[in-house]
Amino acid sequence: MYFFFQIALSGIATGAIYGLIAVGYSLTFMTTKALNFALGMWVMLGGMLTFSLSVQYGVPALVALPMIVAGLFLLGLVAERFSVAPFLRAGSDVWVMSTLAVGLLMIDFAEIIWGRSPTPVPSFLGNTPVRLGPLSILPQQLFIIAIACVVFFALDLFYRRTLTGKAFRAVAHSGEVSALMGINTRRVQAASYAAAAAFAGLAGFMVVPLTLAEPQMGTVLGLKAFAIAIIAGLAAPRGILFCGLIYGGLEALISGYLYTGIRDILGFSLMILALAIKPEGLFGRPVEERA
Amino acid sequence: MSRVRHYAQGLALAALLALPASIEGSYYQYLGIIVFIYGIVAVGLNILAGYAGQFSLGHAALMAMGAYTTALLTKALAPLPFFQATGAHIWIGMAAGTVMAAIFGALLALPALRVRGPYLAMVTIAFGWVIFKILQEWVPVTGGDLGLASIPKVQIGSFELQTHHFYYMALGFFVLALIFQHRLVHSAFGMRIRAMKHSELGVASVGVDVYGLKVLVFVISAAFAGFGGTLFAHQQNYISPDNFQFFSSVFFLLAILFGGAGTQMGPVIGATVLTLLPEMLHDFDKFRLIVYGAFILLTLYFLPTGVMGLFERGVRPSRLSLPTDALQQMGQPAEGSEPELTGAGASLELDRVSRAFGGLQALRDVSFRVEAGTIHALIGPNGAGKTTLINVITGFYRADAGRILADGRVVAVGSMSAAARHGFVRTFQTIKLFGDLTVLEHVMVGFARHSRSGVWSALAGSRRSKEEAHRNLVDARKLIRFVGLEGLEDRPANVLPYGHRRLLEIARALAVMPKLLLLDEPAAGLVGEEIGALAAVIRRLKASGMTVLLVEHHMDLVVSISDHVTVLDYGVVIANGTPATIQRDEKVIKAYLGTAHAAA
């Protein structure tokens, strides 16, 4: 039983990362009905920048973090401008391909800049496990869970209490009507895309001390996060954190009790199944089509 | 134009046939083979994504299903003396690989039935990932990352095919795939999938089982991919999971986007350019993804409709302009075209039909009768439940309670296609047409329910399917004349004026040969003359024996053409009678104008 809880606990930390990335999909989906299909590459970029700043240049982690988040936000604005906005206006689905294309560019550029080999990035909180009763947890993992909870709580407040957040939700509901009400929908859409990129950067910053920093790290992370966003429902940010934590825990248990190879096979099959049964997600509300 | 195209195709084919003889060395033959194989997979994806509008980023996995199936099967069978002598194991393996991919295509279609667009793209990515992981992890069977080596070469009898033989074989299959694509796209099935891309509801309204259609199109597309995979396995003689990565799926989608999605030659151009491009950039292998990424972005920016799209736009601008005389003669059809087209209308009886949405009772015990061969109007203020009632009668929503009877017999309308089978066919308040399909094609899609020839007879080019197509063509022209759209048969529907689109929707519905035609606010958005034309068409429908249930706000139209009027308010029938009595009914006046007016 000890083994069970120990594994589940570390899995939950990974799940918090998934949730954080997944909320990025939700952000852009709500405002534009479009997604950054290469969001995983943005996580990778965050991770690689963390490696550069803290290992190569010795920048203190708490200085590096805001730099990375702000940097990816700005880059996200740029990427949105040329790889999403033109196609949103045309009302087509080809942003699937254009965001993927940006992701491909990022992988190759990262390999040219940083090389292909994985590199460790030490946690700024050290590696001495914290004891929680009989269980132990790395300080980095505690940090991740805490940050994820704070982010989701703040996001909830933002959506419900602030005027900008309400504008986001209004655009989510109907872009056209929001525009008529004087909301700058273009700005909201661009901001949501950039915010998703910033969250991805934050996730990258937090995940590399647990894994390794490498240009190929983004693909699987991005896919899993998407699976979680889909299972929870893209329009249900609260459900996403919950599903992320559960998914992370289950995944760790599958690895621990069965074997690692089957982990992603089960995970993605679960996502396909979830979509087949409940396309709007576990926490989403169905949208009736009008005739 | 088509002659030029024929010559170009003939020339290209001749050049490809001559290539192995004219160029020394097998490198170019090898490249050619790869182009053909990728081309076959791209054709399959083009049918799915280009024509039917269903995104897939998992085709590399379907290709892998074909490749691994044939590899395992042929390796197991090869030692047997019978197969050594005949080479039959290769063909068995290739057939099995194709079938296996088709089965997985059907599996992939299941979630695809519920989701669209980006969701579907993501499901297919996940599917591809699962297959990829299984290939990696199921080491005893798939060989894991090392893959499967020494896959038997193709042999005919005991003669083993060399590269230049294989070149001709692959070319032959590629040409065959293009011929299949051509026949499929121009068959009734092809029209249905192209229509589905634009409006699933519209296709469902003419009685097509959209679910079945989707499964079928996924299966066909997957079979192409699987077949390409089997060719790949026997050509390379070695396969590993790396051949079927996610990026290969991106490659195939890019190939059809670049070549022109939904054009017949698009996959050819896409597969050719994208196979040769990395070969030319061999020294830049480090920048492979950058090249692809940049290529995707440039394609999306500058060639949004692909190379072939550019080409087609250049050659037929005339299709987009409308002849003015055809516009003027709207609603003025030739005499005597009606009787044979529409059968006798049925009577409709609703018996205490109810439907609620959450706490909102949209319909409460609605009962009334529509006599056969009459025009029956259903009116009421906004939100009275009129469209909901049409949705219930035509199977878009299920009734919570109550019975629906046609000619006195209870009918089950569980789905739109079931309703269409009973002869209940509708038009939509917001027009659901099929984008750039022509006027003629729209009506042809309407004949779907009565089609006796399926995909296979279309692919085989059977006489029956040709005869049927010809018969439908004649009937479709009659229906187009009937609603007064003569002369516009070859125009894409999306260039028609609004009023014409309404009439086209009616023509499409008539092709289903309904017993009851339900028109949901057909006059909405029409100007004076257009309403006149619409009224003329509805009157002629009645003259030919059709029963029409008309939901309409336009009172002049209702009063002038209806035999009978039913008034709904808050989901309840408040009045029933001739137009004249309804106009004087106090409850009706109150419902429309409020109590003060009723009192005054």
# chains A, B, ... in the order shown; residues from 1 in each chain; ligands from 1
>>> residues_around(residues="Asp209 in chain B", least_positions_apart="4", cutoff="8 Å", atoms="only C-alpha atoms", output="PyMOL selection string")
chain B and resi 204+213+417
>>> write_last_selection(atoms="C-alpha atoms", output="PDB file, in the first residue's frame")
ATOM      1  CA  ALA B 204     -29.113  13.419 -43.728  1.00  0.00           C
ATOM      2  CA  LEU B 213     -21.359   6.973 -45.201  1.00  0.00           C
ATOM      3  CA  SER B 417     -32.866   8.891 -42.684  1.00  0.00           C
TER       4      SER B 417
END
>>> select_by_dssp(residues="range 38-277 of chain A", states="strand (DSSP E)", output="PyMOL selection string")
chain A and resi 130-132+135-137
>>> write_last_selection(atoms="N, CA and C atoms", output="PDB file, in the first residue's frame")
ATOM      1  N   VAL A 130      11.189  15.721   0.646  1.00  0.00           N
ATOM      2  CA  VAL A 130      10.419  16.210   1.788  1.00  0.00           C
ATOM      3  C   VAL A 130       9.592  15.029   2.301  1.00  0.00           C
ATOM      4  N   ARG A 131       9.500  14.867   3.624  1.00  0.00           N
ATOM      5  CA  ARG A 131       8.735  13.747   4.139  1.00  0.00           C
ATOM      6  C   ARG A 131       7.316  14.180   4.472  1.00  0.00           C
ATOM      7  N   LEU A 132       6.358  13.413   3.986  1.00  0.00           N
ATOM      8  CA  LEU A 132       4.946  13.654   4.315  1.00  0.00           C
ATOM      9  C   LEU A 132       4.454  12.384   4.992  1.00  0.00           C
ATOM     10  N   LEU A 135       5.304   8.962   3.433  1.00  0.00           N
ATOM     11  CA  LEU A 135       5.643   9.173   2.026  1.00  0.00           C
ATOM     12  C   LEU A 135       6.703  10.258   1.897  1.00  0.00           C
ATOM     13  N   SER A 136       7.402  10.236   0.778  1.00  0.00           N
ATOM     14  CA  SER A 136       8.346  11.315   0.529  1.00  0.00           C
ATOM     15  C   SER A 136       8.121  11.864  -0.876  1.00  0.00           C
ATOM     16  N   ILE A 137       8.476  13.135  -1.049  1.00  0.00           N
ATOM     17  CA  ILE A 137       8.229  13.799  -2.326  1.00  0.00           C
ATOM     18  C   ILE A 137       9.358  14.795  -2.561  1.00  0.00           C
TER      19      ILE A 137
END
>>> residues_around(residues="Gly19 in chain A", least_positions_apart="6", cutoff="7 Å", atoms="only C-alpha atoms", output="tab-separated table (two decimals) with N, CA and C atoms, in the first residue's frame")
chain	number	residue	atom	x	y	z
A	225	ALA	N	-1.23	16.18	-22.85
A	225	ALA	CA	-2.01	17.31	-22.35
A	225	ALA	C	-3.28	17.46	-23.17
A	240	ILE	N	-10.17	20.26	-16.13
A	240	ILE	CA	-8.88	19.92	-16.72
A	240	ILE	C	-7.83	19.63	-15.65
A	241	LEU	N	-7.77	20.47	-14.61
A	241	LEU	CA	-6.79	20.22	-13.55
A	241	LEU	C	-7.07	18.87	-12.89
A	244	GLY	N	-6.12	16.12	-15.15
A	244	GLY	CA	-4.67	16.06	-15.27
A	244	GLY	C	-4.06	15.30	-14.10
>>> atom_distance(atom1="CA of Ser192 in chain A", atom2="CA of Met30 in chain A")
8.7 Å
>>> closest_atom_pairs(of="chain A", to="chain B", cutoff="10 Å", atoms="only C-alpha atoms", output="JSON lines")
{"residue": "A:Lys33", "atom": "CA", "partner": "B:Pro118", "partner_atom": "CA", "distance": 9.1}
{"residue": "A:Ala34", "atom": "CA", "partner": "B:Pro118", "partner_atom": "CA", "distance": 7.8}
{"residue": "A:Leu35", "atom": "CA", "partner": "B:Pro118", "partner_atom": "CA", "distance": 8.0}
{"residue": "A:Phe37", "atom": "CA", "partner": "B:Met122", "partner_atom": "CA", "distance": 8.6}
{"residue": "A:Phe82", "atom": "CA", "partner": "B:Leu297", "partner_atom": "CA", "distance": 9.4}
{"residue": "A:Ser83", "atom": "CA", "partner": "B:Leu297", "partner_atom": "CA", "distance": 7.7}
{"residue": "A:Pro86", "atom": "CA", "partner": "B:Tyr301", "partner_atom": "CA", "distance": 8.5}
{"residue": "A:Phe87", "atom": "CA", "partner": "B:Leu300", "partner_atom": "CA", "distance": 8.6}
{"residue": "A:Ser92", "atom": "CA", "partner": "B:Gly117", "partner_atom": "CA", "distance": 9.9}
{"residue": "A:Asp93", "atom": "CA", "partner": "B:Gly117", "partner_atom": "CA", "distance": 7.0}
{"residue": "A:Val94", "atom": "CA", "partner": "B:Leu300", "partner_atom": "CA", "distance": 7.4}
{"residue": "A:Trp95", "atom": "CA", "partner": "B:Leu300", "partner_atom": "CA", "distance": 8.9}
{"residue": "A:Val96", "atom": "CA", "partner": "B:Pro118", "partner_atom": "CA", "distance": 6.9}
{"residue": "A:Met97", "atom": "CA", "partner": "B:Ile296", "partner_atom": "CA", "distance": 7.1}
{"residue": "A:Ser98", "atom": "CA", "partner": "B:Leu297", "partner_atom": "CA", "distance": 5.8}
{"residue": "A:Thr99", "atom": "CA", "partner": "B:Leu297", "partner_atom": "CA", "distance": 8.9}
{"residue": "A:Leu100", "atom": "CA", "partner": "B:Gly293", "partner_atom": "CA", "distance": 7.7}
{"residue": "A:Ala101", "atom": "CA", "partner": "B:Gly293", "partner_atom": "CA", "distance": 4.2}
{"residue": "A:Val102", "atom": "CA", "partner": "B:Gly293", "partner_atom": "CA", "distance": 6.3}
{"residue": "A:Gly103", "atom": "CA", "partner": "B:Gly293", "partner_atom": "CA", "distance": 7.7}
{"residue": "A:Leu104", "atom": "CA", "partner": "B:Leu289", "partner_atom": "CA", "distance": 5.4}
{"residue": "A:Leu105", "atom": "CA", "partner": "B:Ile290", "partner_atom": "CA", "distance": 4.7}
{"residue": "A:Met106", "atom": "CA", "partner": "B:Ile290", "partner_atom": "CA", "distance": 8.0}
{"residue": "A:Ile107", "atom": "CA", "partner": "B:Leu289", "partner_atom": "CA", "distance": 7.5}
{"residue": "A:Asp108", "atom": "CA", "partner": "B:Leu289", "partner_atom": "CA", "distance": 5.8}
{"residue": "A:Phe109", "atom": "CA", "partner": "B:Ile290", "partner_atom": "CA", "distance": 7.6}
{"residue": "A:Glu111", "atom": "CA", "partner": "B:Lys286", "partner_atom": "CA", "distance": 8.7}
{"residue": "A:Ile112", "atom": "CA", "partner": "B:Lys286", "partner_atom": "CA", "distance": 8.0}
{"residue": "A:Thr219", "atom": "CA", "partner": "B:Phe246", "partner_atom": "CA", "distance": 9.9}
{"residue": "A:Val220", "atom": "CA", "partner": "B:Trp129", "partner_atom": "CA", "distance": 9.3}
{"residue": "A:Leu223", "atom": "CA", "partner": "B:Ala126", "partner_atom": "CA", "distance": 7.6}
{"residue": "A:Lys224", "atom": "CA", "partner": "B:Ala126", "partner_atom": "CA", "distance": 9.1}
{"residue": "A:Phe226", "atom": "CA", "partner": "B:Met122", "partner_atom": "CA", "distance": 8.1}
{"residue": "A:Ala227", "atom": "CA", "partner": "B:Ala126", "partner_atom": "CA", "distance": 8.2}
{"residue": "A:Ile230", "atom": "CA", "partner": "B:Tyr119", "partner_atom": "CA", "distance": 8.2}
{"residue": "A:Thr260", "atom": "CA", "partner": "B:Glu137", "partner_atom": "CA", "distance": 9.7}
{"residue": "A:Gly261", "atom": "CA", "partner": "B:Glu137", "partner_atom": "CA", "distance": 6.0}
{"residue": "A:Ile262", "atom": "CA", "partner": "B:Glu137", "partner_atom": "CA", "distance": 7.6}
{"residue": "A:Arg263", "atom": "CA", "partner": "B:Lys133", "partner_atom": "CA", "distance": 9.6}
{"residue": "A:Asp264", "atom": "CA", "partner": "B:Val130", "partner_atom": "CA", "distance": 7.2}
{"residue": "A:Ile265", "atom": "CA", "partner": "B:Val130", "partner_atom": "CA", "distance": 5.0}
{"residue": "A:Leu266", "atom": "CA", "partner": "B:Val130", "partner_atom": "CA", "distance": 8.2}
{"residue": "A:Gly267", "atom": "CA", "partner": "B:Val130", "partner_atom": "CA", "distance": 8.9}
{"residue": "A:Phe268", "atom": "CA", "partner": "B:Ala126", "partner_atom": "CA", "distance": 5.7}
{"residue": "A:Ser269", "atom": "CA", "partner": "B:Val130", "partner_atom": "CA", "distance": 7.0}
{"residue": "A:Leu270", "atom": "CA", "partner": "B:Ala126", "partner_atom": "CA", "distance": 9.8}
{"residue": "A:Met271", "atom": "CA", "partner": "B:Val123", "partner_atom": "CA", "distance": 7.8}
{"residue": "A:Ile272", "atom": "CA", "partner": "B:Val123", "partner_atom": "CA", "distance": 5.9}
{"residue": "A:Leu273", "atom": "CA", "partner": "B:Pro111", "partner_atom": "CA", "distance": 7.3}
{"residue": "A:Ala274", "atom": "CA", "partner": "B:Pro111", "partner_atom": "CA", "distance": 8.8}
{"residue": "A:Leu275", "atom": "CA", "partner": "B:Pro111", "partner_atom": "CA", "distance": 6.2}
{"residue": "A:Ala276", "atom": "CA", "partner": "B:Pro111", "partner_atom": "CA", "distance": 4.1}
{"residue": "A:Ile277", "atom": "CA", "partner": "B:Pro111", "partner_atom": "CA", "distance": 7.8}
{"residue": "A:Lys278", "atom": "CA", "partner": "B:Arg114", "partner_atom": "CA", "distance": 8.4}
{"residue": "A:Pro279", "atom": "CA", "partner": "B:Arg114", "partner_atom": "CA", "distance": 6.3}
{"residue": "A:Glu280", "atom": "CA", "partner": "B:Val115", "partner_atom": "CA", "distance": 8.9}
{"residue": "A:Glu289", "atom": "CA", "partner": "B:Leu201", "partner_atom": "CA", "distance": 9.5}
{"residue": "A:Arg290", "atom": "CA", "partner": "B:Thr430", "partner_atom": "CA", "distance": 9.3}
{"residue": "A:Ala291", "atom": "CA", "partner": "B:Phe428", "partner_atom": "CA", "distance": 6.6}
>>> residues_around(residues="Phe168 in chain A", least_positions_apart="5", cutoff="9 Å", atoms="only C-alpha atoms", output="list in words")
Leu27, Met30, Thr31, Tyr159, Leu163, His173, Thr185, Val188, Gln189 and Ser192 of chain A
>>> closest_residue(among="A:Pro237, A:Gly249, A:Gly256, A:Gly222", to="Phe283 in chain A", atoms="only C-alpha atoms")
A:Pro237
>>> select_by_dssp(residues="range 40-284 of chain A", states="helix (DSSP H, G or I)", output="PyMOL selection string")
chain A and resi 40-56+61-83+85-90+95-114+139-161+163-173+175-180+185-207+215-232+237-257+260-277
>>> closest_residue(among="B:Ser367, B:Thr438, B:Ser462, B:Gln29", to="Val567 in chain B", atoms="only C-alpha atoms")
B:Ser367
>>> residues_around(residues="Lys587 in chain B", least_positions_apart="2", cutoff="10 Å", atoms="only C-alpha atoms", output="tab-separated table (two decimals) with C-alpha atoms, in the first residue's frame")
chain	number	residue	atom	x	y	z
B	567	VAL	CA	-51.42	27.98	-34.84
B	569	ASP	CA	-48.12	29.19	-29.13
B	574	ILE	CA	-54.25	27.29	-29.95
B	575	ALA	CA	-56.17	27.32	-33.19
B	582	ILE	CA	-57.73	31.89	-38.19
B	584	ARG	CA	-60.45	36.31	-36.94
B	585	ASP	CA	-59.56	34.02	-34.06
B	589	ILE	CA	-54.66	37.77	-32.32
B	590	LYS	CA	-53.82	37.74	-28.64
B	591	ALA	CA	-50.83	35.47	-29.17
B	592	TYR	CA	-49.43	37.70	-31.87
B	593	LEU	CA	-50.35	41.17	-30.66
B	594	GLY	CA	-50.96	40.88	-26.91
B	595	THR	CA	-54.09	41.37	-24.85
B	598	ALA	CA	-57.37	41.73	-28.60
>>> residues_around(residues="Arg364 in chain B", least_positions_apart="2", cutoff="12 Å", atoms="only C-alpha atoms", output="list of chain:residue names")
B:Leu350, B:Asp351, B:Arg352, B:Val353, B:Ser354, B:Arg355, B:Ala356, B:Phe357, B:Leu360, B:Gln361, B:Ala362, B:Val366, B:Ser367, B:Ala384, B:Gly385, B:Lys386, B:Thr388, B:Leu389, B:Ala399, B:Asp400, B:Ala401, B:Gly402, B:Leu568, B:Asp569, B:Tyr570, B:Gly571, B:Val572, B:Val573, B:Ile574
>>> write_last_selection(atoms="C-alpha atoms", output="mmCIF file, in the first residue's frame")
data_model
loop_
_atom_site.group_PDB
_atom_site.id
_atom_site.type_symbol
_atom_site.label_atom_id
_atom_site.label_comp_id
_atom_site.auth_asym_id
_atom_site.auth_seq_id
_atom_site.Cartn_x
_atom_site.Cartn_y
_atom_site.Cartn_z
ATOM 1 C CA LEU B 350 -49.925 14.034 -34.962
ATOM 2 C CA ASP B 351 -51.268 12.485 -31.810
ATOM 3 C CA ARG B 352 -50.315 14.234 -28.551
ATOM 4 C CA VAL B 353 -46.699 14.836 -29.540
ATOM 5 C CA SER B 354 -44.554 16.322 -26.752
ATOM 6 C CA ARG B 355 -40.935 17.354 -26.483
ATOM 7 C CA ALA B 356 -39.068 19.169 -23.714
ATOM 8 C CA PHE B 357 -35.576 20.655 -23.523
ATOM 9 C CA LEU B 360 -38.637 24.081 -21.311
ATOM 10 C CA GLN B 361 -41.699 22.309 -22.722
ATOM 11 C CA ALA B 362 -41.247 23.108 -26.407
ATOM 12 C CA VAL B 366 -49.613 18.687 -30.078
ATOM 13 C CA SER B 367 -52.321 17.021 -32.147
ATOM 14 C CA ALA B 384 -43.756 28.719 -30.409
ATOM 15 C CA GLY B 385 -42.189 25.372 -31.255
ATOM 16 C CA LYS B 386 -42.731 25.290 -35.024
ATOM 17 C CA THR B 388 -39.053 21.875 -33.092
ATOM 18 C CA LEU B 389 -42.142 20.175 -34.471
ATOM 19 C CA ALA B 399 -40.456 13.065 -29.370
ATOM 20 C CA ASP B 400 -40.745 12.455 -25.623
ATOM 21 C CA ALA B 401 -44.282 11.202 -26.132
ATOM 22 C CA GLY B 402 -46.963 10.900 -28.757
ATOM 23 C CA LEU B 568 -48.883 27.076 -32.189
ATOM 24 C CA ASP B 569 -48.118 29.190 -29.134
ATOM 25 C CA TYR B 570 -45.753 28.124 -26.358
ATOM 26 C CA GLY B 571 -45.788 24.575 -27.710
ATOM 27 C CA VAL B 572 -49.568 24.256 -27.633
ATOM 28 C CA VAL B 573 -52.025 24.237 -30.529
ATOM 29 C CA ILE B 574 -54.249 27.285 -29.948
#
>>> residues_around(residues="Gly47 in chain A", least_positions_apart="5", cutoff="6 Å", atoms="only C-alpha atoms", output="mmCIF file with C-alpha atoms, in the first residue's frame")
data_model
loop_
_atom_site.group_PDB
_atom_site.id
_atom_site.type_symbol
_atom_site.label_atom_id
_atom_site.label_comp_id
_atom_site.auth_asym_id
_atom_site.auth_seq_id
_atom_site.Cartn_x
_atom_site.Cartn_y
_atom_site.Cartn_z
ATOM 1 C CA GLY A 204 8.586 23.548 -19.397
ATOM 2 C CA PHE A 205 10.418 25.410 -16.670
ATOM 3 C CA VAL A 208 12.851 19.723 -16.901
ATOM 4 C CA ALA A 213 15.833 18.937 -21.358
#
>>> closest_residue(among="B:Gly53, B:Pro579, B:Gly446, B:Gly66", to="Thr230 in chain B", atoms="only C-alpha atoms")
B:Gly66
>>> atom_distance(atom1="CA of Phe29 in chain A", atom2="CA of Glu214 in chain A")
27.7 Å
>>> closest_atom_pairs(of="range 26-89 of chain B", to="range 181-190 of chain B", cutoff="10 Å", atoms="only C-alpha atoms", output="tab-separated table")
residue	atom	partner	partner_atom	distance
B:Val43	CA	B:Gln181	CA	7.2
B:Gly44	CA	B:Gln181	CA	8.2
B:Asn46	CA	B:Gln181	CA	9.0
B:Ile47	CA	B:Gln181	CA	7.3
B:Tyr51	CA	B:Val185	CA	7.9
B:Ala52	CA	B:Gly190	CA	8.5
